[in-house]
$ cat final.cif   # mmCIF, C-alpha atoms
data_final
#
loop_
_atom_site.label_atom_id
_atom_site.label_comp_id
_atom_site.auth_asym_id
_atom_site.auth_seq_id
_atom_site.Cartn_x
_atom_site.Cartn_y
_atom_site.Cartn_z
CA MET A 1 -2.25 -47.54 12.03
CA GLY A 2 -2.95 -46.50 15.58
CA LYS A 3 -6.21 -45.07 16.71
CA ILE A 4 -6.63 -41.33 16.69
CA LYS A 5 -6.68 -40.19 20.25
CA GLU A 6 -9.85 -38.32 21.04
CA LYS A 7 -9.45 -34.97 22.73
CA LYS A 8 -10.82 -35.17 26.23
CA LYS A 9 -13.56 -32.65 26.81
CA VAL A 10 -12.75 -30.38 29.73
CA GLU A 11 -15.63 -29.12 31.80
CA PRO A 12 -15.37 -25.35 32.23
CA PRO A 13 -14.83 -24.04 35.77
CA PRO A 14 -17.44 -21.86 37.43
CA PRO A 15 -17.76 -18.39 35.84
CA PRO A 16 -15.87 -15.60 37.60
CA GLU A 17 -17.70 -13.31 39.96
CA GLY A 18 -18.33 -9.94 38.33
CA GLY A 19 -16.92 -11.18 35.03
CA CYS A 20 -18.45 -12.19 31.72
CA HIS A 21 -19.99 -15.69 31.69
CA HIS A 22 -19.08 -16.30 28.03
CA TYR A 23 -16.69 -19.26 27.83
CA VAL A 24 -14.10 -18.99 25.02
CA GLU A 25 -13.65 -22.57 23.86
CA ARG A 26 -10.55 -21.81 21.82
CA LYS A 27 -8.70 -20.33 24.80
CA LEU A 28 -10.26 -22.61 27.46
CA ARG A 29 -11.16 -19.65 29.64
CA TYR A 30 -13.91 -17.12 30.22
CA CYS A 31 -14.03 -13.70 28.60
CA LYS A 32 -12.06 -11.30 30.80
CA MET A 33 -14.38 -8.31 30.39
CA LEU A 34 -16.24 -7.04 33.45
CA VAL A 35 -20.03 -6.82 33.42
CA LYS A 36 -22.56 -4.37 34.79
CA PRO A 37 -24.11 -5.16 38.19
CA GLY A 38 -26.72 -7.86 37.78
CA ALA A 39 -25.62 -8.75 34.24
CA ARG A 40 -24.13 -12.07 33.17
CA PHE A 41 -22.46 -11.04 29.90
CA CYS A 42 -20.33 -8.13 28.69
CA GLY A 43 -21.42 -5.91 25.80
CA GLU A 44 -19.69 -8.13 23.25
CA HIS A 45 -21.44 -11.32 24.39
CA VAL A 46 -24.81 -10.11 25.65
CA SER A 47 -26.38 -11.32 22.41
CA THR A 48 -25.77 -14.70 20.83
CA THR A 49 -26.10 -13.34 17.28
CA ARG A 50 -23.71 -10.52 16.48
CA SER A 51 -22.27 -8.96 13.35
CA PRO A 52 -19.37 -6.58 12.59
CA CYS A 53 -20.03 -2.97 13.54
CA PRO A 54 -20.49 -0.83 10.39
CA TYR A 55 -18.45 1.96 11.99
CA ASP A 56 -15.52 -0.29 12.91
CA PRO A 57 -15.42 -3.96 11.82
CA GLY A 58 -12.82 -4.54 14.54
CA HIS A 59 -15.64 -5.14 17.01
CA THR A 60 -19.18 -6.49 16.81
CA CYS A 61 -22.69 -5.32 17.62
CA PRO A 62 -26.03 -7.10 18.10
CA SER A 63 -27.65 -8.29 14.91
CA ASP A 64 -31.20 -7.56 16.06
CA PRO A 65 -32.42 -4.08 14.99
CA VAL A 66 -33.09 -2.78 18.51
CA GLY A 67 -29.71 -3.81 19.92
CA ARG A 68 -27.93 -2.68 16.76
CA ASP A 69 -29.48 0.81 16.85
CA LYS A 70 -28.64 1.17 20.54
CA HIS A 71 -25.03 0.19 19.90
CA LEU A 72 -24.63 2.53 16.93
CA SER A 73 -25.96 5.48 18.90
CA ASN A 74 -23.25 5.00 21.56
CA CYS A 75 -20.39 3.46 19.55
CA ASN A 76 -17.02 5.08 20.21
CA SER A 77 -16.20 4.73 16.49
CA ARG A 78 -19.27 6.67 15.44
CA PRO A 79 -18.28 9.58 13.19
CA PRO A 80 -19.11 13.05 14.49
CA ASP A 81 -22.50 14.46 13.60
CA THR A 82 -20.85 17.59 12.22
CA LYS A 83 -17.78 17.53 10.00
CA PRO A 84 -14.74 19.57 11.01
CA HIS A 85 -14.46 22.72 8.95
CA TYR A 86 -11.20 21.56 7.38
CA LEU A 87 -12.87 18.45 5.94
CA VAL A 88 -14.06 19.53 2.49
CA THR A 89 -15.20 16.49 0.53
CA GLY A 90 -13.16 15.97 -2.64
CA VAL A 91 -11.30 19.28 -2.41
CA ASN A 92 -8.04 17.71 -3.68
CA LEU A 93 -9.45 15.32 -6.28
CA GLY A 94 -8.94 17.69 -9.23
CA ASP A 95 -11.39 18.70 -11.93
CA ASN A 96 -10.82 15.74 -14.29
CA ARG A 97 -10.53 18.17 -17.18
CA LEU A 98 -8.04 15.94 -18.98
CA LEU A 99 -10.40 12.98 -19.16
CA GLN A 100 -11.58 12.56 -22.71
CA SER A 101 -14.58 10.79 -21.25
CA PRO A 102 -15.73 10.05 -17.69
CA SER A 103 -13.38 7.70 -15.88
CA GLU A 104 -15.90 4.89 -15.76
CA THR A 105 -16.18 4.86 -19.58
CA ILE A 106 -12.45 4.64 -20.24
CA ALA A 107 -11.82 1.03 -21.15
CA LYS A 108 -10.06 -0.81 -18.35
CA THR A 109 -7.09 -2.18 -20.24
CA THR A 110 -4.58 -4.49 -18.66
CA ILE A 111 -1.37 -6.08 -19.82
CA GLY A 112 -3.34 -9.28 -20.05
CA ASN A 113 -5.89 -8.04 -22.60
CA ILE A 114 -3.91 -5.75 -24.90
CA SER A 115 -2.20 -6.90 -28.04
CA ASP A 116 1.53 -7.35 -28.44
CA GLU A 117 1.60 -4.40 -30.82
CA ASN A 118 -0.11 -2.09 -28.33
CA LEU A 119 2.14 -3.20 -25.49
CA LEU A 120 5.26 -2.62 -27.59
CA ARG A 121 3.96 0.83 -28.59
CA ILE A 122 3.64 1.84 -24.95
CA ILE A 123 7.04 0.35 -24.08
CA LYS A 124 8.73 2.30 -26.87
CA LEU A 125 7.06 5.49 -25.63
CA VAL A 126 8.33 4.73 -22.12
CA GLN A 127 11.89 4.20 -23.34
CA SER A 128 11.98 7.30 -25.55
CA THR A 129 10.35 9.55 -22.92
CA TYR A 130 12.74 8.37 -20.24
CA GLU A 131 15.84 8.91 -22.41
CA LYS A 132 14.80 12.32 -23.75
CA LYS A 133 13.04 13.91 -20.79
CA VAL A 134 13.73 12.15 -17.53
CA LYS A 135 17.06 10.33 -17.28
CA SER A 136 19.21 13.43 -17.00
CA GLN A 137 16.91 15.01 -14.42
CA ILE A 138 17.63 12.55 -11.60
CA GLU A 139 20.76 12.40 -9.48
CA THR A 140 21.80 10.12 -6.65
CA LYS A 141 22.42 11.90 -3.37
CA ILE A 142 22.62 9.70 -0.27
CA LEU A 143 23.00 11.73 2.91
CA GLU A 144 23.07 11.18 6.68
CA HIS A 145 22.02 13.25 9.66
CA GLU A 146 23.92 13.33 12.93
CA VAL A 147 20.78 12.85 15.04
CA LEU A 148 20.56 9.24 13.83
CA ARG A 149 24.27 8.44 13.95
CA THR A 150 24.04 6.50 17.21
CA GLU A 151 21.05 4.52 15.95
CA LEU A 152 22.86 3.54 12.77
CA CYS A 153 25.78 2.17 14.81
CA ASN A 154 23.61 0.11 17.15
CA ASP A 155 24.43 -3.54 16.44
CA GLN A 156 21.41 -4.67 18.48
CA TYR A 157 19.03 -3.65 15.71
CA GLY A 158 17.90 -6.09 13.07
CA PRO A 159 18.07 -5.31 9.32
CA ASN A 160 14.47 -4.09 9.14
CA VAL A 161 14.97 -1.49 11.88
CA LEU A 162 18.28 -0.34 10.41
CA LYS A 163 16.66 -0.01 7.01
CA HIS A 164 14.19 2.54 8.32
CA HIS A 165 16.88 4.41 10.25
CA LYS A 166 19.00 4.67 7.10
CA GLN A 167 16.08 6.08 5.15
CA ASN A 168 15.11 8.54 7.87
CA SER A 169 18.73 9.65 8.24
CA SER A 170 19.01 10.44 4.55
CA LEU A 171 15.62 12.17 4.49
CA LEU A 172 16.66 14.41 7.39
CA GLY A 173 19.94 15.07 5.59
CA HIS A 174 18.01 16.25 2.54
CA LEU A 175 15.76 18.45 4.67
CA SER A 176 18.82 20.11 6.16
CA ASN A 177 20.61 20.31 2.80
CA CYS A 178 17.61 22.11 1.29
CA SER A 179 17.22 24.46 4.28
CA LEU A 180 13.86 22.93 5.18
CA MET A 181 14.91 21.93 8.72
CA GLN A 182 13.93 25.34 9.97
CA ASN A 183 12.85 26.60 13.36
CA ASN A 184 9.65 28.64 13.47
CA SER A 185 7.96 26.19 11.07
CA ILE A 186 4.89 23.99 10.88
CA PHE A 187 5.78 20.50 9.66
CA VAL A 188 2.91 18.55 8.10
CA GLU A 189 3.54 14.82 7.71
CA PHE A 190 1.16 13.30 5.16
CA GLY A 191 0.37 9.61 5.48
CA SER A 192 2.09 9.84 8.84
CA GLY A 193 1.30 6.36 10.17
CA ARG A 194 3.01 6.10 13.55
CA GLY A 195 4.73 9.46 12.99
CA ALA A 196 8.31 8.14 12.90
CA LEU A 197 9.57 10.74 10.41
CA SER A 198 8.07 13.59 12.45
CA TYR A 199 9.68 12.12 15.56
CA TRP A 200 13.17 12.34 14.08
CA VAL A 201 12.51 15.78 12.59
CA GLY A 202 11.56 16.95 16.07
CA ARG A 203 14.75 15.44 17.50
CA ALA A 204 16.84 17.18 14.85
CA LEU A 205 15.44 20.69 15.33
CA SER A 206 17.64 23.10 17.25
CA SER A 207 14.66 24.92 18.76
CA PRO A 208 11.67 22.55 18.67
CA SER A 209 9.47 24.71 20.90
CA THR A 210 9.19 27.19 18.02
CA CYS A 211 7.75 24.49 15.73
CA GLN A 212 4.59 22.46 15.42
CA MET A 213 3.89 19.03 13.98
CA LEU A 214 0.64 18.30 12.15
CA LEU A 215 0.27 14.56 11.48
CA VAL A 216 -2.24 13.58 8.79
CA ASP A 217 -3.51 10.04 8.27
CA ARG A 218 -6.90 8.54 7.48
CA ALA A 219 -6.25 5.65 9.88
CA SER A 220 -5.37 5.62 13.56
CA PRO A 221 -2.48 3.18 13.90
CA ARG A 222 -1.34 1.62 17.13
CA HIS A 223 1.97 2.43 18.80
CA LYS A 224 1.95 6.05 17.65
CA LEU A 225 4.98 8.15 18.55
CA ASP A 226 3.04 11.36 19.22
CA THR A 227 3.53 11.37 23.00
CA ARG A 228 7.09 10.14 22.74
CA LEU A 229 7.81 12.94 20.27
CA GLN A 230 6.70 15.54 22.77
CA GLN A 231 8.46 13.94 25.73
CA ASP A 232 11.77 12.92 24.13
CA VAL A 233 12.22 16.19 22.29
CA SER A 234 11.51 18.13 25.47
CA GLU A 235 14.09 16.08 27.39
CA THR A 236 16.84 16.46 24.79
CA THR A 237 16.21 20.09 23.86
CA ALA A 238 18.83 22.75 24.49
CA LYS A 239 18.88 24.45 27.89
CA ASP A 240 17.98 27.80 26.38
CA ASP A 241 14.90 26.32 24.71
CA SER A 242 11.55 26.53 26.49
CA GLY A 243 10.22 23.04 25.76
CA GLY A 244 9.24 20.43 23.21
CA VAL A 245 7.42 20.47 19.93
CA SER A 246 3.64 20.78 19.71
CA VAL A 247 1.91 17.78 18.06
CA THR A 248 -1.57 17.67 16.48
CA ARG A 249 -2.95 14.60 14.70
CA LEU A 250 -5.75 14.82 12.12
CA ARG A 251 -7.61 11.68 11.10
CA VAL A 252 -8.75 12.63 7.63
CA ASP A 253 -8.40 11.45 4.02
CA ILE A 254 -5.97 13.70 2.15
CA ALA A 255 -8.55 13.93 -0.65
CA ASP A 256 -10.78 15.92 1.72
CA LEU A 257 -8.18 17.97 3.62
CA HIS A 258 -8.24 21.75 3.30
CA LEU A 259 -4.85 22.46 4.81
CA GLY A 260 -5.34 26.20 5.19
CA GLN A 261 -8.42 25.62 7.33
CA ALA A 262 -6.78 22.75 9.22
CA LEU A 263 -4.06 25.12 10.41
CA GLU A 264 -6.77 27.03 12.25
CA THR A 265 -7.12 24.05 14.60
CA ILE A 266 -3.65 24.66 16.06
CA ASP A 267 -2.39 27.62 18.03
CA GLU A 268 -0.07 29.25 15.53
CA PRO A 269 2.51 31.64 16.94
CA ILE A 270 3.14 34.92 15.18
CA THR A 271 6.76 35.84 14.40
CA ASP A 272 8.31 39.14 15.39
CA GLY A 273 7.60 40.47 11.92
CA GLY A 274 3.89 39.74 12.25
CA MET A 275 4.05 36.76 9.89
CA LYS A 276 2.74 33.27 10.53
CA ASN A 277 5.15 30.34 10.41
CA LYS A 278 5.96 28.71 7.09
CA VAL A 279 4.45 25.29 6.32
CA ILE A 280 6.78 22.45 5.31
CA GLY A 281 5.32 19.19 4.00
CA ILE A 282 7.08 15.88 4.58
CA SER A 283 6.28 12.24 3.89
CA LYS A 284 8.04 8.91 3.76
CA HIS A 285 6.65 6.44 1.21
CA LEU A 286 3.40 8.17 0.30
CA CYS A 287 1.48 5.62 -1.72
CA GLY A 288 0.37 6.24 -5.31
CA VAL A 289 -2.68 8.43 -5.50
CA ALA A 290 -1.98 9.93 -2.04
CA THR A 291 1.07 11.70 -3.49
CA ASP A 292 -1.02 13.48 -6.12
CA LEU A 293 -3.66 14.40 -3.53
CA THR A 294 -0.91 15.81 -1.30
CA LEU A 295 0.56 17.94 -4.09
CA ARG A 296 -2.86 19.45 -4.79
CA CYS A 297 -3.42 19.94 -1.07
CA MET A 298 -0.12 21.77 -0.55
CA ILE A 299 -0.46 24.19 -3.45
CA GLY A 300 -4.23 24.36 -3.77
CA THR A 301 -5.57 24.76 -0.23
CA LEU A 302 -2.68 26.71 1.27
CA PRO A 303 -1.71 30.30 0.39
CA ILE A 304 1.49 30.09 -1.65
CA SER A 305 3.01 32.77 0.60
CA ARG A 306 2.92 30.32 3.50
CA LEU A 307 4.48 27.39 1.64
CA GLY A 308 8.04 26.82 2.81
CA GLY A 309 8.54 23.73 0.62
CA PHE A 310 8.03 20.00 0.85
CA MET A 311 9.78 16.66 0.49
CA ILE A 312 8.06 13.37 -0.42
CA ALA A 313 9.64 9.93 -0.62
CA LEU A 314 7.66 8.28 -3.41
CA CYS A 315 6.28 4.77 -3.79
CA CYS A 316 3.47 2.50 -5.04
CA HIS A 317 3.03 3.94 -8.52
CA HIS A 318 0.78 1.01 -9.40
CA ARG A 319 -1.80 2.67 -7.14
CA CYS A 320 -1.95 5.90 -9.14
CA VAL A 321 -5.28 6.86 -10.72
CA TRP A 322 -5.65 8.79 -13.97
CA SER A 323 -8.44 11.06 -12.72
CA THR A 324 -6.28 12.41 -9.86
CA TYR A 325 -2.78 12.10 -11.36
CA VAL A 326 -1.31 15.62 -11.59
CA GLY A 327 1.12 14.87 -14.44
CA ALA A 328 -1.51 14.03 -17.06
CA ASP A 329 -0.53 17.04 -19.23
CA PHE A 330 3.04 15.78 -19.46
CA LEU A 331 1.99 12.25 -20.45
CA LEU A 332 -0.38 13.50 -23.15
CA ASP A 333 2.36 15.73 -24.55
CA GLN A 334 4.61 12.65 -24.89
CA GLY A 335 1.98 10.79 -26.92
CA PHE A 336 0.45 8.60 -24.20
CA LEU A 337 -3.33 8.10 -24.26
CA PRO A 338 -5.63 8.20 -21.21
CA GLU A 339 -6.37 4.51 -21.68
CA ASP A 340 -2.60 3.81 -21.55
CA PHE A 341 -2.41 4.92 -17.92
CA SER A 342 -3.54 1.62 -16.40
CA ILE A 343 -0.86 -0.12 -18.48
CA LEU A 344 1.78 2.32 -17.24
CA THR A 345 0.86 1.73 -13.62
CA SER A 346 1.00 -2.03 -14.18
CA ILE A 347 4.41 -1.78 -15.86
CA SER A 348 5.66 0.29 -12.92
CA SER A 349 5.08 -2.71 -10.64
CA TRP A 350 7.68 -4.67 -12.63
CA ALA A 351 10.36 -2.68 -10.78
CA THR A 352 9.44 -4.09 -7.38
CA CYS A 353 7.48 -7.31 -7.87
CA GLY A 354 10.51 -9.61 -7.99
CA PHE A 355 8.63 -11.94 -10.37
CA GLY A 356 8.10 -14.50 -7.64
CA ARG A 357 11.72 -14.65 -6.52
CA LYS A 358 12.34 -15.05 -2.80
CA ASN A 359 14.37 -11.98 -2.01
CA LYS A 360 14.77 -11.80 1.74
CA ASP A 361 17.60 -9.27 1.58
CA ILE A 362 15.19 -6.47 0.68
CA VAL A 363 12.27 -6.02 3.03
CA GLU A 364 10.07 -3.25 1.70
CA ASP A 365 8.61 -0.40 3.71
CA GLU A 366 5.40 -0.94 5.65
CA HIS A 367 3.62 1.33 3.15
CA GLU A 368 4.97 -0.46 0.09
CA THR A 369 2.93 -3.08 -1.74
CA LEU A 370 4.64 -5.46 -4.14
CA ALA A 371 2.49 -6.21 -7.15
CA ASP A 372 3.08 -8.04 -10.40
CA ASP A 373 -0.54 -7.44 -11.48
CA GLY A 374 -0.84 -11.15 -12.23
CA ASP A 375 1.36 -10.92 -15.31
CA THR A 376 2.94 -14.34 -14.92
CA VAL A 377 -0.54 -15.83 -14.78
CA LEU A 378 -2.03 -13.80 -17.61
CA HIS A 379 1.01 -14.17 -19.84
CA PRO A 380 2.86 -17.41 -20.40
CA ASN A 381 6.62 -17.02 -20.34
CA ASP A 382 6.77 -17.59 -24.09
CA ARG A 383 5.05 -14.23 -24.71
CA TYR A 384 7.79 -12.31 -22.92
CA ALA A 385 10.40 -14.42 -24.67
CA ARG A 386 8.75 -13.65 -28.00
CA LEU A 387 8.81 -9.93 -27.22
CA ASP A 388 12.40 -10.10 -25.90
CA LEU A 389 11.29 -8.97 -22.42
CA ASN A 390 13.19 -11.00 -19.87
CA GLU A 391 12.96 -10.26 -16.15
CA THR A 392 15.88 -7.82 -16.18
CA ALA A 393 14.37 -5.87 -19.07
CA ARG A 394 10.99 -5.69 -17.36
CA GLU A 395 12.50 -4.51 -14.08
CA GLU A 396 14.30 -1.71 -15.92
CA LEU A 397 11.09 -0.75 -17.75
CA GLY A 398 9.32 -0.65 -14.39
CA ARG A 399 11.93 1.74 -12.98
CA GLN A 400 11.75 3.96 -16.05
CA THR A 401 7.96 4.10 -15.84
CA LYS A 402 8.10 5.09 -12.18
CA ARG A 403 10.44 7.96 -12.94
CA ILE A 404 8.27 9.10 -15.86
CA LEU A 405 5.25 9.27 -13.55
CA ASP A 406 7.37 11.16 -11.00
CA TYR A 407 8.66 13.58 -13.61
CA GLY A 408 5.08 14.34 -14.64
CA ARG A 409 4.63 15.54 -11.06
CA VAL A 410 7.75 17.68 -11.36
CA ARG A 411 6.39 19.36 -14.48
CA TYR A 412 3.05 19.96 -12.76
CA LEU A 413 4.74 21.69 -9.81
CA GLU A 414 6.91 23.80 -12.11
CA THR A 415 3.83 25.09 -13.92
CA GLN A 416 1.88 25.73 -10.72
CA THR A 417 4.62 27.38 -8.63
CA ASN A 418 7.83 29.35 -9.03
CA PHE A 419 9.65 26.85 -6.82
CA SER A 420 12.64 24.71 -7.70
CA VAL A 421 11.60 21.06 -8.13
CA LYS A 422 13.90 18.06 -8.43
CA LEU A 423 14.09 14.28 -8.16
CA ASN A 424 16.81 12.43 -6.25
CA TYR A 425 17.67 8.86 -5.41
CA TYR A 426 18.06 9.35 -1.66
CA ILE A 427 19.05 5.81 -0.59
CA GLU A 428 20.59 2.70 -2.11
CA SER A 429 18.22 0.37 -3.95
CA ASP A 430 19.35 -2.56 -1.80
CA VAL A 431 17.90 -0.73 1.22
CA THR A 432 14.56 -0.10 -0.52
CA LEU A 433 13.54 -0.36 -4.15
CA GLU A 434 11.30 2.68 -3.59
CA ASN A 435 14.22 5.08 -3.27
CA ALA A 436 13.10 8.20 -5.19
CA LEU A 437 12.59 11.55 -3.48
CA LEU A 438 10.61 14.56 -4.73
CA ILE A 439 11.80 17.93 -3.39
CA CYS A 440 10.09 21.28 -3.90
CA ILE A 441 11.78 24.36 -2.41
CA PRO A 442 11.80 28.13 -3.03
CA LYS A 443 14.36 29.21 -5.59
CA ASN A 444 17.59 30.72 -4.26
#
$ encode --input "final.cif" --output "structure tokens"
Amino acid sequence: MGKIKEKKKVEPPPPPEGGCHHYVERKLRYCKMLVKPGARFCGEHVSTTRSPCPYDPGHTCPSDPVGRDKHLSNCNSRPPDTKPHYLVTGVNLGDNRLLQSPSETIAKTTIGNISDENLLRIIKLVQSTYEKKVKSQIETKILEHEVLRTELCNDQYGPNVLKHHKQNSSLLGHLSNCSLMQNNSIFVEFGSGRGALSYWVGRALSSPSTCQMLLVDRASPRHKLDTRLQQDVSETTAKDDSGGVSVTRLRVDIADLHLGQALETIDEPITDGGMKNKVIGISKHLCGVATDLTLRCMIGTLPISRLGGFMIALCCHHRCVWSTYVGADFLLDQGFLPEDFSILTSISSWATCGFGRKNKDIVEDEHETLADDGDTVLHPNDRYARLDLNETAREELGRQTKRILDYGRVRYLETQTNFSVKLNYYIESDVTLENALLICIPKN
């Protein structure tokens, strides 16, 4: 066996003039940050001992108390000293009135620690509830919108890009089909991420200058489309239109968003009849608990007279939480117990987890999280064989559970509003397994 060749140590070159003197061994170069006059190191490397910044772990701060306090007082990620008036802590969390005991005292049951009998009881309830209450309430309606027709025919795009264009095209088709693609409207995109759905809504509007976009997300992602939305829409707008769409982004958790007060942050035009524009909520793949928070936000913090309707593409039911889930009344009426909810959310993941199979044909949405909840580890295959629950049966149970949780939301909206509420499959399951759409619109 030959000798292992030792890596020759390279002496670093002289430090750059006016640049940081910290040499990055991994990259064999100096830090590229500039320094203050007379200083040798940039802010990141002025101290040899540093720790993640508590405001933003993406950068570091000095570990010593004096340097740490100085950094925190000037950190760009420091939260404002005063909260915006639309940030009302916990306003959309609900009152937990359906909890038989505080959430922390409800036993945390999992598929791994319940008995076969209890698991079969819940499965039978899922099957009977789905057949009697839910199955007939969902229809498949896959639509397209002309604004994305060119994109869908572009053979330069890979399958992942086309997947998102197909979904957005159908979502815009549903907005138009339900008369929600209206001028003189305020569109609020919840869980907006980069704002791709708002971008295409803006492109599809016939008079975008009469509309406003309010993008809500608790994070601040890179490569946002906010500026492009304003520029592209303005360039492609009709000649008789006066400009592009107005865009406002709010960095806030939906749990704390008072939408009525948030609308005061934007310059709302008044229609000829003296009325303010209607508010239309939209979202593509709003994860688990965020969907329930959004429903409470739309109908609880906004005057019902201003609600024009909303459309939410649903996903990540395994992330739902009993204390905030809006369909608890419906589940209790069907015989489910509060302690069954964690089992239901785990079963819902059976629809998308793939059970370890390598399925490269279906690449899920950036918001989607595949989860099997560790079932194959907690349960040997012989348990599922004993209970006659093969992979196909479990996937179907997962889909049924998802729709039951969605239908609980439908029932909640029907009791809280006089709107028409429905569920649709808006895209093929081979495009995305999370293909259910919740639509709430005024009757007639």
$ resolve_selection --input "final.cif" --expression "the PyMOL selection byres ((chain A and resi 247) around 12)" --output "MDAnalysis selection string"
chainID A and resid 186:189 195 198:199 202 208:216 224:231 233 244:246 248:250 265:268
$ closest_atom_pairs --input "final.cif" --of "range 85-145 of chain A" --to "range 438-441 of chain A" --cutoff "12 Å" --atoms "all atoms listed in the file" --output "CSV"
residue,atom,partner,partner_atom,distance
A:Gln137,CA,A:Leu438,CA,11.6
A:Ile138,CA,A:Leu438,CA,10.0
A:Glu139,CA,A:Leu438,CA,11.4
$ resolve_selection --input "final.cif" --expression "the PyMOL selection byres ((chain A and resi 64) around 12)" --output "list in words"
Val46, Ser47, Thr48, Thr49, Arg50, Ser51, Cys61, Pro62, Ser63, Pro65, Val66, Gly67, Arg68, Asp69, Lys70 and His71 of chain A
$ residues_around --input "final.cif" --residues "range 274-282 of chain A" --least-positions-apart "2" --cutoff "6 Å" --atoms "all atoms listed in the file" --output "number ranges by chain"
A: 184-189, 270-272, 306-312
$ resolve_selection --input "final.cif" --expression "the PyMOL selection byres ((chain A and resi 336-344) around 7)" --output "PyMOL selection string"
chain A and resi 106-107+109-111+322+331-332+334-335+345-348+401
$ residues_around --input "final.cif" --residues "range 76-79 of chain A" --least-positions-apart "2" --cutoff "7 Å" --atoms "only C-alpha atoms" --output "PDB file with C-alpha atoms, in the coordinates of the input"
ATOM      1  CA  TYR A  55     -18.450   1.960  11.990  1.00  0.00           C
ATOM      2  CA  ASP A  56     -15.520  -0.290  12.910  1.00  0.00           C
ATOM      3  CA  LEU A  72     -24.630   2.530  16.930  1.00  0.00           C
ATOM      4  CA  ASN A  74     -23.250   5.000  21.560  1.00  0.00           C
ATOM      5  CA  ASP A  81     -22.500  14.460  13.600  1.00  0.00           C
TER       6      ASP A  81
END
$ closest_residue --input "final.cif" --among "A:Glu131, A:Asp253, A:Glu396, A:Glu428" --to "Gly90 in chain A" --atoms "all atoms listed in the file"
A:Asp253
$ decode --input "final.cif" --residues "range 120-135 of chain A" --atoms "N, CA and C atoms" --output "compact mmCIF listing (two decimals), in the first residue's frame"
# COMPACT_ATOMS: atom_id res chain seq x y z
N LEU A 120 -57.56 0.40 15.22
CA LEU A 120 -58.64 -0.05 14.35
C LEU A 120 -59.92 0.73 14.59
N ARG A 121 -60.18 1.12 15.83
CA ARG A 121 -61.36 1.95 16.13
C ARG A 121 -61.29 3.27 15.38
N ILE A 122 -60.13 3.91 15.41
CA ILE A 122 -59.98 5.19 14.73
C ILE A 122 -60.07 5.01 13.22
N ILE A 123 -59.47 3.94 12.70
CA ILE A 123 -59.53 3.68 11.26
C ILE A 123 -60.96 3.47 10.80
N LYS A 124 -61.74 2.73 11.56
CA LYS A 124 -63.14 2.51 11.19
C LYS A 124 -63.93 3.81 11.20
N LEU A 125 -63.62 4.68 12.18
CA LEU A 125 -64.28 5.99 12.22
C LEU A 125 -63.89 6.82 10.99
N VAL A 126 -62.64 6.74 10.60
CA VAL A 126 -62.18 7.46 9.40
C VAL A 126 -62.95 6.97 8.18
N GLN A 127 -63.03 5.66 8.01
CA GLN A 127 -63.68 5.10 6.83
C GLN A 127 -65.17 5.44 6.79
N SER A 128 -65.85 5.32 7.92
CA SER A 128 -67.29 5.60 7.95
C SER A 128 -67.57 7.08 7.76
N THR A 129 -66.77 7.95 8.38
CA THR A 129 -66.96 9.39 8.24
C THR A 129 -66.73 9.83 6.81
N TYR A 130 -65.69 9.29 6.20
CA TYR A 130 -65.39 9.66 4.81
C TYR A 130 -66.52 9.23 3.88
N GLU A 131 -67.02 8.00 4.03
CA GLU A 131 -68.08 7.51 3.14
C GLU A 131 -69.38 8.27 3.34
N LYS A 132 -69.74 8.57 4.58
CA LYS A 132 -71.04 9.17 4.86
C LYS A 132 -71.06 10.68 4.66
N LYS A 133 -69.96 11.35 5.00
CA LYS A 133 -69.98 12.81 5.07
C LYS A 133 -69.15 13.52 4.01
N VAL A 134 -68.08 12.89 3.57
CA VAL A 134 -67.07 13.64 2.83
C VAL A 134 -66.97 13.27 1.36
N LYS A 135 -67.01 12.00 1.05
CA LYS A 135 -66.69 11.51 -0.30
C LYS A 135 -67.49 12.23 -1.38
